$ cat upload_13.txt   # compact mmCIF, N, CA and C atoms
# COMPACT_ATOMS: atom_id res chain seq x y z
N MET A 17 4.44 -19.52 9.38
CA MET A 17 3.14 -19.97 9.82
C MET A 17 2.04 -19.24 9.05
N THR A 18 2.26 -17.97 8.79
CA THR A 18 1.24 -17.19 8.09
C THR A 18 1.06 -17.71 6.66
N CYS A 19 2.15 -17.91 5.96
CA CYS A 19 2.07 -18.36 4.56
C CYS A 19 1.47 -19.76 4.44
N HIS A 20 1.60 -20.57 5.45
CA HIS A 20 1.09 -21.94 5.42
C HIS A 20 -0.30 -22.08 6.04
N GLY A 21 -0.92 -20.95 6.41
CA GLY A 21 -2.26 -20.99 6.96
C GLY A 21 -2.34 -21.57 8.37
N LYS A 22 -1.25 -21.53 9.10
CA LYS A 22 -1.21 -22.12 10.45
C LYS A 22 -1.18 -21.07 11.56
N LEU A 23 -1.32 -19.80 11.21
CA LEU A 23 -1.28 -18.75 12.21
C LEU A 23 -2.52 -18.85 13.10
N PRO A 24 -2.33 -18.81 14.40
CA PRO A 24 -3.49 -18.94 15.31
C PRO A 24 -4.31 -17.65 15.38
N THR A 25 -5.07 -17.38 14.32
CA THR A 25 -5.97 -16.23 14.33
C THR A 25 -7.15 -16.55 15.25
N LYS A 26 -7.91 -15.52 15.59
CA LYS A 26 -9.05 -15.74 16.47
C LYS A 26 -10.07 -16.68 15.83
N GLU A 27 -10.28 -16.54 14.54
CA GLU A 27 -11.22 -17.42 13.84
C GLU A 27 -10.77 -18.88 13.97
N ARG A 28 -9.50 -19.10 13.79
CA ARG A 28 -8.95 -20.46 13.86
C ARG A 28 -9.03 -21.01 15.29
N LEU A 29 -8.72 -20.17 16.26
CA LEU A 29 -8.80 -20.59 17.66
C LEU A 29 -10.24 -20.87 18.08
N LYS A 30 -11.18 -20.12 17.53
CA LYS A 30 -12.58 -20.39 17.84
C LYS A 30 -13.01 -21.73 17.24
N ARG A 31 -12.52 -22.01 16.05
CA ARG A 31 -12.83 -23.29 15.39
C ARG A 31 -12.36 -24.47 16.23
N PHE A 32 -11.24 -24.29 16.95
CA PHE A 32 -10.70 -25.35 17.81
C PHE A 32 -11.24 -25.26 19.24
N HIS A 33 -12.26 -24.41 19.44
CA HIS A 33 -12.93 -24.23 20.74
C HIS A 33 -11.98 -23.73 21.83
N ILE A 34 -11.01 -22.90 21.43
CA ILE A 34 -10.09 -22.31 22.40
C ILE A 34 -10.58 -20.92 22.81
N LEU A 35 -11.20 -20.22 21.87
CA LEU A 35 -11.76 -18.89 22.12
C LEU A 35 -13.23 -18.86 21.74
N ASN A 36 -13.95 -17.90 22.30
CA ASN A 36 -15.34 -17.68 21.90
C ASN A 36 -15.45 -16.49 20.96
N ASP A 37 -14.50 -15.57 21.06
CA ASP A 37 -14.52 -14.33 20.29
C ASP A 37 -13.66 -14.49 19.04
N GLU A 38 -14.18 -14.09 17.89
CA GLU A 38 -13.38 -14.17 16.67
C GLU A 38 -13.23 -12.83 15.96
N ILE A 39 -13.60 -11.76 16.64
CA ILE A 39 -13.53 -10.42 16.06
C ILE A 39 -12.09 -9.89 16.13
N CYS A 40 -11.66 -9.23 15.06
CA CYS A 40 -10.31 -8.67 14.94
C CYS A 40 -9.98 -7.78 16.12
N SER A 41 -8.84 -8.01 16.72
CA SER A 41 -8.41 -7.22 17.88
C SER A 41 -7.92 -5.83 17.49
N LEU A 42 -7.59 -5.63 16.22
CA LEU A 42 -7.10 -4.33 15.79
C LEU A 42 -8.23 -3.35 15.52
N CYS A 43 -9.23 -3.78 14.73
CA CYS A 43 -10.30 -2.87 14.33
C CYS A 43 -11.63 -3.14 15.02
N ASN A 44 -11.78 -4.32 15.57
CA ASN A 44 -13.04 -4.73 16.22
C ASN A 44 -14.24 -4.68 15.28
N LEU A 45 -14.00 -4.95 13.99
CA LEU A 45 -15.09 -4.84 13.02
C LEU A 45 -15.40 -6.15 12.29
N GLU A 46 -14.39 -6.93 11.99
CA GLU A 46 -14.59 -8.14 11.19
C GLU A 46 -13.97 -9.35 11.86
N ILE A 47 -14.23 -10.51 11.29
CA ILE A 47 -13.66 -11.74 11.80
C ILE A 47 -12.15 -11.74 11.52
N GLU A 48 -11.38 -12.14 12.53
CA GLU A 48 -9.92 -12.15 12.41
C GLU A 48 -9.46 -13.42 11.71
N ILE A 49 -9.26 -13.29 10.41
CA ILE A 49 -8.64 -14.34 9.60
C ILE A 49 -7.39 -13.71 8.98
N VAL A 50 -6.49 -14.52 8.46
CA VAL A 50 -5.25 -13.99 7.88
C VAL A 50 -5.56 -12.97 6.79
N GLU A 51 -6.51 -13.28 5.92
CA GLU A 51 -6.89 -12.38 4.83
C GLU A 51 -7.24 -10.98 5.36
N HIS A 52 -7.95 -10.94 6.46
CA HIS A 52 -8.33 -9.65 7.04
C HIS A 52 -7.20 -9.04 7.86
N LEU A 53 -6.60 -9.82 8.72
CA LEU A 53 -5.68 -9.32 9.73
C LEU A 53 -4.52 -8.51 9.17
N PHE A 54 -3.94 -8.90 8.06
CA PHE A 54 -2.72 -8.24 7.61
C PHE A 54 -2.92 -7.12 6.60
N PHE A 55 -3.93 -7.18 5.76
CA PHE A 55 -4.04 -6.14 4.75
C PHE A 55 -5.43 -5.56 4.55
N LYS A 56 -6.47 -6.29 4.92
CA LYS A 56 -7.81 -5.74 4.76
C LYS A 56 -8.27 -4.96 5.99
N CYS A 57 -7.72 -5.28 7.13
CA CYS A 57 -8.02 -4.53 8.35
C CYS A 57 -7.55 -3.09 8.14
N ARG A 58 -8.38 -2.14 8.49
CA ARG A 58 -8.07 -0.73 8.31
C ARG A 58 -6.75 -0.35 8.99
N ILE A 59 -6.55 -0.84 10.19
CA ILE A 59 -5.34 -0.51 10.96
C ILE A 59 -4.10 -1.12 10.29
N ALA A 60 -4.16 -2.40 9.96
CA ALA A 60 -3.02 -3.08 9.33
C ALA A 60 -2.73 -2.50 7.95
N SER A 61 -3.78 -2.16 7.22
CA SER A 61 -3.59 -1.56 5.90
C SER A 61 -2.87 -0.21 6.01
N ASP A 62 -3.25 0.59 7.00
CA ASP A 62 -2.58 1.88 7.21
C ASP A 62 -1.11 1.70 7.59
N ILE A 63 -0.81 0.66 8.35
CA ILE A 63 0.58 0.38 8.72
C ILE A 63 1.38 0.03 7.47
N TRP A 64 0.85 -0.87 6.64
CA TRP A 64 1.55 -1.29 5.42
C TRP A 64 1.70 -0.10 4.46
N LYS A 65 0.67 0.74 4.35
CA LYS A 65 0.77 1.93 3.50
C LYS A 65 1.88 2.85 4.00
N GLY A 66 2.00 2.99 5.32
CA GLY A 66 3.07 3.81 5.88
C GLY A 66 4.45 3.27 5.55
N ILE A 67 4.60 1.96 5.61
CA ILE A 67 5.88 1.32 5.26
C ILE A 67 6.18 1.54 3.78
N LEU A 68 5.19 1.31 2.93
CA LEU A 68 5.38 1.50 1.49
C LEU A 68 5.69 2.95 1.15
N GLN A 69 5.03 3.87 1.83
CA GLN A 69 5.29 5.30 1.61
C GLN A 69 6.74 5.62 1.96
N TRP A 70 7.22 5.07 3.08
CA TRP A 70 8.61 5.30 3.48
C TRP A 70 9.57 4.72 2.44
N LEU A 71 9.19 3.60 1.83
CA LEU A 71 10.02 2.97 0.80
C LEU A 71 9.87 3.68 -0.55
N ASP A 72 8.97 4.64 -0.64
CA ASP A 72 8.67 5.36 -1.88
C ASP A 72 8.12 4.40 -2.94
N VAL A 73 7.24 3.51 -2.49
CA VAL A 73 6.58 2.55 -3.37
C VAL A 73 5.11 2.92 -3.45
N VAL A 74 4.63 3.12 -4.67
CA VAL A 74 3.22 3.44 -4.87
C VAL A 74 2.47 2.14 -5.10
N HIS A 75 1.61 1.79 -4.15
CA HIS A 75 0.86 0.53 -4.24
C HIS A 75 -0.30 0.60 -3.27
N GLN A 76 -1.46 0.15 -3.71
CA GLN A 76 -2.65 0.09 -2.85
C GLN A 76 -2.78 -1.33 -2.31
N PRO A 77 -2.71 -1.51 -0.98
CA PRO A 77 -2.81 -2.86 -0.40
C PRO A 77 -4.12 -3.55 -0.75
N ASN A 78 -4.03 -4.85 -0.96
CA ASN A 78 -5.18 -5.70 -1.24
C ASN A 78 -5.27 -6.76 -0.15
N GLY A 79 -5.86 -7.89 -0.46
CA GLY A 79 -5.94 -8.99 0.48
C GLY A 79 -4.62 -9.74 0.60
N TRP A 80 -4.58 -10.71 1.50
CA TRP A 80 -3.37 -11.47 1.78
C TRP A 80 -2.78 -12.11 0.52
N GLU A 81 -3.58 -12.87 -0.20
CA GLU A 81 -3.08 -13.58 -1.40
C GLU A 81 -2.57 -12.61 -2.45
N GLU A 82 -3.32 -11.55 -2.70
CA GLU A 82 -2.91 -10.56 -3.70
C GLU A 82 -1.61 -9.87 -3.29
N GLU A 83 -1.51 -9.54 -2.02
CA GLU A 83 -0.32 -8.86 -1.52
C GLU A 83 0.90 -9.77 -1.58
N LEU A 84 0.73 -11.01 -1.19
CA LEU A 84 1.82 -11.98 -1.26
C LEU A 84 2.27 -12.17 -2.71
N ASP A 85 1.32 -12.31 -3.63
CA ASP A 85 1.65 -12.44 -5.05
C ASP A 85 2.38 -11.20 -5.56
N TRP A 86 1.90 -10.02 -5.16
CA TRP A 86 2.52 -8.77 -5.60
C TRP A 86 3.97 -8.67 -5.11
N VAL A 87 4.20 -9.01 -3.85
CA VAL A 87 5.56 -8.94 -3.29
C VAL A 87 6.46 -9.95 -3.99
N LEU A 88 5.96 -11.16 -4.19
CA LEU A 88 6.78 -12.18 -4.87
C LEU A 88 7.11 -11.76 -6.30
N LYS A 89 6.14 -11.22 -7.00
CA LYS A 89 6.38 -10.77 -8.37
C LYS A 89 7.31 -9.57 -8.40
N SER A 90 7.12 -8.63 -7.50
CA SER A 90 7.93 -7.41 -7.46
C SER A 90 9.35 -7.66 -6.98
N SER A 91 9.57 -8.74 -6.27
CA SER A 91 10.90 -9.00 -5.71
C SER A 91 11.65 -10.10 -6.46
N ARG A 92 11.21 -10.43 -7.64
CA ARG A 92 11.93 -11.44 -8.44
C ARG A 92 13.25 -10.91 -8.98
N LYS A 93 13.33 -9.61 -9.13
CA LYS A 93 14.56 -9.00 -9.63
C LYS A 93 15.65 -9.14 -8.58
N LYS A 94 16.88 -8.85 -8.98
CA LYS A 94 18.00 -9.05 -8.07
C LYS A 94 18.49 -7.77 -7.39
N GLY A 95 17.88 -6.65 -7.64
CA GLY A 95 18.36 -5.38 -7.09
C GLY A 95 18.02 -5.18 -5.63
N TRP A 96 18.54 -4.07 -5.09
CA TRP A 96 18.31 -3.75 -3.69
C TRP A 96 16.86 -3.47 -3.40
N ARG A 97 16.13 -2.93 -4.38
CA ARG A 97 14.70 -2.66 -4.16
C ARG A 97 13.94 -3.95 -3.85
N ALA A 98 14.25 -5.00 -4.58
CA ALA A 98 13.59 -6.29 -4.36
C ALA A 98 13.91 -6.82 -2.98
N ARG A 99 15.17 -6.72 -2.58
CA ARG A 99 15.58 -7.21 -1.26
C ARG A 99 14.90 -6.42 -0.14
N VAL A 100 14.85 -5.11 -0.30
CA VAL A 100 14.24 -4.28 0.74
C VAL A 100 12.73 -4.52 0.80
N LEU A 101 12.10 -4.73 -0.33
CA LEU A 101 10.66 -4.99 -0.34
C LEU A 101 10.34 -6.31 0.38
N LYS A 102 11.12 -7.35 0.12
CA LYS A 102 10.92 -8.62 0.83
C LYS A 102 11.14 -8.45 2.32
N LEU A 103 12.17 -7.74 2.67
CA LEU A 103 12.47 -7.47 4.08
C LEU A 103 11.32 -6.70 4.73
N ALA A 104 10.84 -5.68 4.05
CA ALA A 104 9.75 -4.85 4.57
C ALA A 104 8.48 -5.67 4.74
N PHE A 105 8.19 -6.54 3.79
CA PHE A 105 6.99 -7.38 3.87
C PHE A 105 7.06 -8.29 5.10
N ALA A 106 8.20 -8.95 5.27
CA ALA A 106 8.36 -9.85 6.41
C ALA A 106 8.28 -9.09 7.74
N GLU A 107 8.94 -7.95 7.82
CA GLU A 107 8.91 -7.16 9.05
C GLU A 107 7.51 -6.61 9.31
N ASN A 108 6.78 -6.28 8.25
CA ASN A 108 5.41 -5.80 8.42
C ASN A 108 4.52 -6.90 9.00
N ILE A 109 4.63 -8.10 8.48
CA ILE A 109 3.83 -9.21 9.00
C ILE A 109 4.14 -9.43 10.48
N TYR A 110 5.42 -9.47 10.80
CA TYR A 110 5.82 -9.67 12.19
C TYR A 110 5.34 -8.51 13.07
N GLY A 111 5.52 -7.28 12.59
CA GLY A 111 5.16 -6.11 13.38
C GLY A 111 3.66 -5.98 13.63
N VAL A 112 2.86 -6.26 12.61
CA VAL A 112 1.40 -6.22 12.78
C VAL A 112 0.96 -7.30 13.75
N ARG A 113 1.52 -8.47 13.61
CA ARG A 113 1.18 -9.57 14.53
C ARG A 113 1.58 -9.22 15.97
N GLN A 114 2.75 -8.61 16.13
CA GLN A 114 3.21 -8.20 17.46
C GLN A 114 2.28 -7.14 18.05
N HIS A 115 1.88 -6.18 17.22
CA HIS A 115 0.96 -5.13 17.67
C HIS A 115 -0.38 -5.74 18.09
N ARG A 116 -0.86 -6.68 17.31
CA ARG A 116 -2.10 -7.38 17.62
C ARG A 116 -1.97 -8.13 18.95
N ASN A 117 -0.86 -8.83 19.14
CA ASN A 117 -0.63 -9.56 20.38
C ASN A 117 -0.52 -8.62 21.58
N ASP A 118 0.10 -7.47 21.39
CA ASP A 118 0.19 -6.50 22.48
C ASP A 118 -1.21 -6.06 22.93
N ILE A 119 -2.09 -5.87 21.97
CA ILE A 119 -3.48 -5.49 22.29
C ILE A 119 -4.17 -6.63 23.03
N VAL A 120 -4.07 -7.84 22.49
CA VAL A 120 -4.75 -9.00 23.08
C VAL A 120 -4.28 -9.26 24.50
N PHE A 121 -2.97 -9.14 24.76
CA PHE A 121 -2.42 -9.47 26.06
C PHE A 121 -2.24 -8.26 26.97
N GLY A 122 -2.85 -7.12 26.60
CA GLY A 122 -2.88 -5.95 27.46
C GLY A 122 -1.55 -5.27 27.67
N LYS A 123 -0.65 -5.40 26.71
CA LYS A 123 0.65 -4.73 26.84
C LYS A 123 0.55 -3.30 26.32
N ASP A 124 1.60 -2.53 26.54
CA ASP A 124 1.64 -1.13 26.12
C ASP A 124 1.59 -1.05 24.59
N THR A 125 0.62 -0.31 24.07
CA THR A 125 0.48 -0.15 22.62
C THR A 125 0.69 1.30 22.21
N SER A 126 1.33 2.08 23.04
CA SER A 126 1.50 3.50 22.75
C SER A 126 2.60 3.77 21.73
N ARG A 127 3.48 2.81 21.51
CA ARG A 127 4.56 3.04 20.55
C ARG A 127 4.00 3.07 19.13
N ASN A 128 4.69 3.78 18.26
CA ASN A 128 4.27 3.89 16.87
C ASN A 128 4.69 2.62 16.13
N THR A 129 3.73 1.84 15.69
CA THR A 129 4.01 0.56 15.06
C THR A 129 4.78 0.73 13.75
N ILE A 130 4.42 1.74 12.97
CA ILE A 130 5.12 1.98 11.69
C ILE A 130 6.59 2.26 11.97
N ASN A 131 6.87 3.14 12.92
CA ASN A 131 8.27 3.44 13.24
C ASN A 131 9.01 2.23 13.78
N SER A 132 8.34 1.40 14.56
CA SER A 132 8.97 0.19 15.08
C SER A 132 9.35 -0.76 13.95
N ILE A 133 8.46 -0.90 12.98
CA ILE A 133 8.74 -1.78 11.83
C ILE A 133 9.87 -1.19 11.00
N ILE A 134 9.84 0.11 10.78
CA ILE A 134 10.92 0.76 10.03
C ILE A 134 12.25 0.58 10.75
N ASP A 135 12.26 0.69 12.07
CA ASP A 135 13.48 0.46 12.83
C ASP A 135 14.03 -0.94 12.58
N CYS A 136 13.15 -1.94 12.54
CA CYS A 136 13.58 -3.32 12.29
C CYS A 136 14.12 -3.47 10.87
N ILE A 137 13.47 -2.82 9.91
CA ILE A 137 13.96 -2.88 8.52
C ILE A 137 15.34 -2.25 8.43
N VAL A 138 15.52 -1.10 9.07
CA VAL A 138 16.81 -0.42 9.06
C VAL A 138 17.87 -1.29 9.72
N TYR A 139 17.55 -1.84 10.88
CA TYR A 139 18.52 -2.67 11.61
C TYR A 139 18.96 -3.88 10.77
N ARG A 140 17.98 -4.59 10.22
CA ARG A 140 18.33 -5.80 9.44
C ARG A 140 18.96 -5.43 8.09
N GLY A 141 18.47 -4.38 7.48
CA GLY A 141 19.01 -3.95 6.19
C GLY A 141 20.42 -3.41 6.30
N TRP A 142 20.70 -2.78 7.42
CA TRP A 142 22.02 -2.20 7.62
C TRP A 142 23.09 -3.28 7.67
N GLN A 143 22.72 -4.47 8.02
CA GLN A 143 23.68 -5.58 8.11
C GLN A 143 24.06 -6.14 6.74
N SER A 144 23.34 -5.76 5.70
CA SER A 144 23.64 -6.24 4.35
C SER A 144 24.41 -5.17 3.58
N LYS A 145 25.59 -5.51 3.11
CA LYS A 145 26.41 -4.56 2.36
C LYS A 145 25.73 -4.14 1.06
N ARG A 146 24.89 -5.03 0.52
CA ARG A 146 24.22 -4.72 -0.74
C ARG A 146 23.13 -3.68 -0.59
N ILE A 147 22.43 -3.70 0.53
CA ILE A 147 21.31 -2.76 0.64
C ILE A 147 21.54 -1.65 1.67
N SER A 148 22.62 -1.69 2.40
CA SER A 148 22.84 -0.64 3.41
C SER A 148 22.93 0.77 2.81
N PRO A 149 23.50 0.98 1.60
CA PRO A 149 23.48 2.34 1.04
C PRO A 149 22.06 2.84 0.80
N TYR A 150 21.18 1.96 0.35
CA TYR A 150 19.80 2.36 0.13
C TYR A 150 19.10 2.63 1.46
N ILE A 151 19.37 1.78 2.44
CA ILE A 151 18.79 1.99 3.78
C ILE A 151 19.24 3.35 4.31
N ALA A 152 20.50 3.71 4.07
CA ALA A 152 21.01 5.02 4.53
C ALA A 152 20.23 6.15 3.88
N SER A 153 19.93 6.03 2.60
CA SER A 153 19.17 7.09 1.93
C SER A 153 17.73 7.15 2.44
N LEU A 154 17.16 6.01 2.79
CA LEU A 154 15.79 5.98 3.32
C LEU A 154 15.71 6.57 4.72
N MET A 155 16.79 6.50 5.47
CA MET A 155 16.78 7.00 6.85
C MET A 155 16.51 8.49 6.92
N LEU A 156 16.70 9.18 5.81
CA LEU A 156 16.38 10.61 5.78
C LEU A 156 14.88 10.85 5.91
N TYR A 157 14.08 9.81 5.61
CA TYR A 157 12.63 9.94 5.59
C TYR A 157 11.92 9.20 6.71
N ILE A 158 12.64 8.86 7.76
CA ILE A 158 11.99 8.15 8.88
C ILE A 158 10.97 9.08 9.50
N CYS A 159 9.80 8.53 9.75
CA CYS A 159 8.66 9.29 10.29
C CYS A 159 8.98 9.91 11.63

$ encode --input "upload_13.txt" --output "C-alpha cells"
Amino acid sequence: MTCHGKLPTKERLKRFHILNDEICSLCNLEIEIVEHLFFKCRIASDIWKGILQWLDVVHQPNGWEEELDWVLKSSRKKGWRARVLKLAFAENIYGVRQHRNDIVFGKDTSRNTINSIIDCIVYRGWQSKRISPYIASLMLYIC
C-alpha cells in the first residue's frame, strides 16, 4: 500500500473528509504524508538510522522516493547484505506504521520501536539459511 500511494495517511484521510487533523502523529510538526511519515519525520528517521546502525550501514536517510531508490539499488546484488537490507526496509516501514497506529489509537508506546523492528528482522532472517549466519553475527549488537 505504501509503495502504491494507497496508505491511509492523515493527509489522505482528510482529503476524503474522514479526518480533520492532518498533522503527523509521531512528531506533531508537519503534515502526515508518506514522504514525511517514514523518513523525513524526526522520529521515523531516528528509527531508520538505528536500524541501519545495527546493520553497520552508513547512510543518511532522505525522503520516501530517495530511500526506496537507494534500497532498490543497494539490494540488486545477490548477497546476504542485499537480502537483509530489503528485509530491514520492509520491517522498518511496518514497524514505524505500527508505532504510529499505537499512538493514534492510544495503545502502549513504551516499548522500544527500534528493538521491536530488530526482533522482527532477526526472527524472519533466522528462517533463511542464506542469511541466518549474518543475522547471528548481528545479534551481538542488539541494542

$ atom_distance --input "upload_13.txt" --atom1 "CA of Asp85 in chain A" --atom2 "CA of Phe105 in chain A"
11.6 Å

$ atom_distance --input "upload_13.txt" --atom1 "CA of Ser41 in chain A" --atom2 "CA of Gly66 in chain A"
19.9 Å

$ closest_residue --input "upload_13.txt" --among "A:Leu35, A:Ile49, A:Val100, A:Ile109" --to "Val138 in chain A" --atoms "only C-alpha atoms"
A:Val100

$ closest_residue --input "upload_13.txt" --among "A:Lys102, A:Gly79, A:Gly95, A:Leu53" --to "Arg146 in chain A" --atoms "only N, CA and C atoms"
A:Gly95

$ atom_distance --input "upload_13.txt" --atom1 "CA of Asn44 in chain A" --atom2 "CA of Ile63 in chain A"
16.4 Å

$ residues_around --input "upload_13.txt" --residues "range 125-131 of chain A" --least-positions-apart "5" --cutoff "10 Å" --atoms "only C-alpha atoms" --output "number ranges by chain"
A: 60, 62-67, 70, 108, 111-112, 114-119, 136-137, 158-159

$ select_by_dssp --input "upload_13.txt" --residues "chain A" --states "helix (DSSP H, G or I)" --output "VMD selection string"
chain A and resid 26 to 31 50 to 56 58 to 70 80 to 90 96 to 120 129 to 142 148 to 157

$ residues_around --input "upload_13.txt" --residues "range 153-157 of chain A" --least-positions-apart "4" --cutoff "7 Å" --atoms "all atoms listed in the file" --output "VMD selection string"
chain A and resid 70 to 71 148 to 149

$ closest_residue --input "upload_13.txt" --among "A:Ala152, A:Ala106, A:Val120, A:Ile133" --to "Asp37 in chain A" --atoms "only C-alpha atoms"
A:Val120

$ closest_residue --input "upload_13.txt" --among "A:Ser91, A:Lys56, A:Leu45, A:Glu107" --to "Ser132 in chain A" --atoms "all atoms listed in the file"
A:Glu107

$ residues_around --input "upload_13.txt" --residues "Asn78 in chain A" --least-positions-apart "4" --cutoff "8 Å" --atoms "only C-alpha atoms" --output "mmCIF file with N, CA and C atoms, in the frame of the given file"
data_model
loop_
_atom_site.group_PDB
_atom_site.id
_atom_site.type_symbol
_atom_site.label_atom_id
_atom_site.label_comp_id
_atom_site.auth_asym_id
_atom_site.auth_seq_id
_atom_site.Cartn_x
_atom_site.Cartn_y
_atom_site.Cartn_z
ATOM 1 N N PHE A 55 -3.930 -7.180 5.760
ATOM 2 C CA PHE A 55 -4.040 -6.140 4.750
ATOM 3 C C PHE A 55 -5.430 -5.560 4.550
ATOM 4 N N LYS A 56 -6.470 -6.290 4.920
ATOM 5 C CA LYS A 56 -7.810 -5.740 4.760
ATOM 6 C C LYS A 56 -8.270 -4.960 5.990
ATOM 7 N N GLU A 82 -3.320 -11.550 -2.700
ATOM 8 C CA GLU A 82 -2.910 -10.560 -3.700
ATOM 9 C C GLU A 82 -1.610 -9.870 -3.290
ATOM 10 N N GLU A 83 -1.510 -9.540 -2.020
ATOM 11 C CA GLU A 83 -0.320 -8.860 -1.520
ATOM 12 C C GLU A 83 0.900 -9.770 -1.580
#

$ build_atoms --input "upload_13.txt" --residues "range 96-109 of chain A" --atoms "N, CA, C and O atoms" --output "CSV table (one decimal), in the frame of the given file"
chain,number,residue,atom,x,y,z
A,96,TRP,N,18.5,-4.1,-5.1
A,96,TRP,CA,18.3,-3.8,-3.7
A,96,TRP,C,16.9,-3.5,-3.4
A,96,TRP,O,16.4,-3.7,-2.3
A,97,ARG,N,16.1,-2.9,-4.4
A,97,ARG,CA,14.7,-2.7,-4.2
A,97,ARG,C,13.9,-4.0,-3.8
A,97,ARG,O,13.1,-4.0,-3.0
A,98,ALA,N,14.2,-5.0,-4.6
A,98,ALA,CA,13.6,-6.3,-4.4
A,98,ALA,C,13.9,-6.8,-3.0
A,98,ALA,O,13.0,-7.3,-2.3
A,99,ARG,N,15.2,-6.7,-2.6
A,99,ARG,CA,15.6,-7.2,-1.3
A,99,ARG,C,14.9,-6.4,-0.1
A,99,ARG,O,14.4,-7.0,0.8
A,100,VAL,N,14.8,-5.1,-0.3
A,100,VAL,CA,14.2,-4.3,0.7
A,100,VAL,C,12.7,-4.5,0.8
A,100,VAL,O,12.2,-4.6,1.9
A,101,LEU,N,12.1,-4.7,-0.3
A,101,LEU,CA,10.7,-5.0,-0.3
A,101,LEU,C,10.3,-6.3,0.4
A,101,LEU,O,9.4,-6.4,1.2
A,102,LYS,N,11.1,-7.4,0.1
A,102,LYS,CA,10.9,-8.6,0.8
A,102,LYS,C,11.1,-8.4,2.3
A,102,LYS,O,10.4,-9.0,3.1
A,103,LEU,N,12.2,-7.7,2.7
A,103,LEU,CA,12.5,-7.5,4.1
A,103,LEU,C,11.3,-6.7,4.7
A,103,LEU,O,10.9,-7.0,5.8
A,104,ALA,N,10.8,-5.7,4.0
A,104,ALA,CA,9.8,-4.8,4.6
A,104,ALA,C,8.5,-5.7,4.7
A,104,ALA,O,7.8,-5.5,5.7
A,105,PHE,N,8.2,-6.5,3.8
A,105,PHE,CA,7.0,-7.4,3.9
A,105,PHE,C,7.1,-8.3,5.1
A,105,PHE,O,6.1,-8.4,5.9
A,106,ALA,N,8.2,-9.0,5.3
A,106,ALA,CA,8.4,-9.8,6.4
A,106,ALA,C,8.3,-9.1,7.7
A,106,ALA,O,7.6,-9.5,8.7
A,107,GLU,N,8.9,-8.0,7.8
A,107,GLU,CA,8.9,-7.2,9.0
A,107,GLU,C,7.5,-6.6,9.3
A,107,GLU,O,7.1,-6.5,10.5
A,108,ASN,N,6.8,-6.3,8.2
A,108,ASN,CA,5.4,-5.8,8.4
A,108,ASN,C,4.5,-6.9,9.0
A,108,ASN,O,3.8,-6.6,9.9
A,109,ILE,N,4.6,-8.1,8.5
A,109,ILE,CA,3.8,-9.2,9.0
A,109,ILE,C,4.1,-9.4,10.5
A,109,ILE,O,3.2,-9.5,11.3
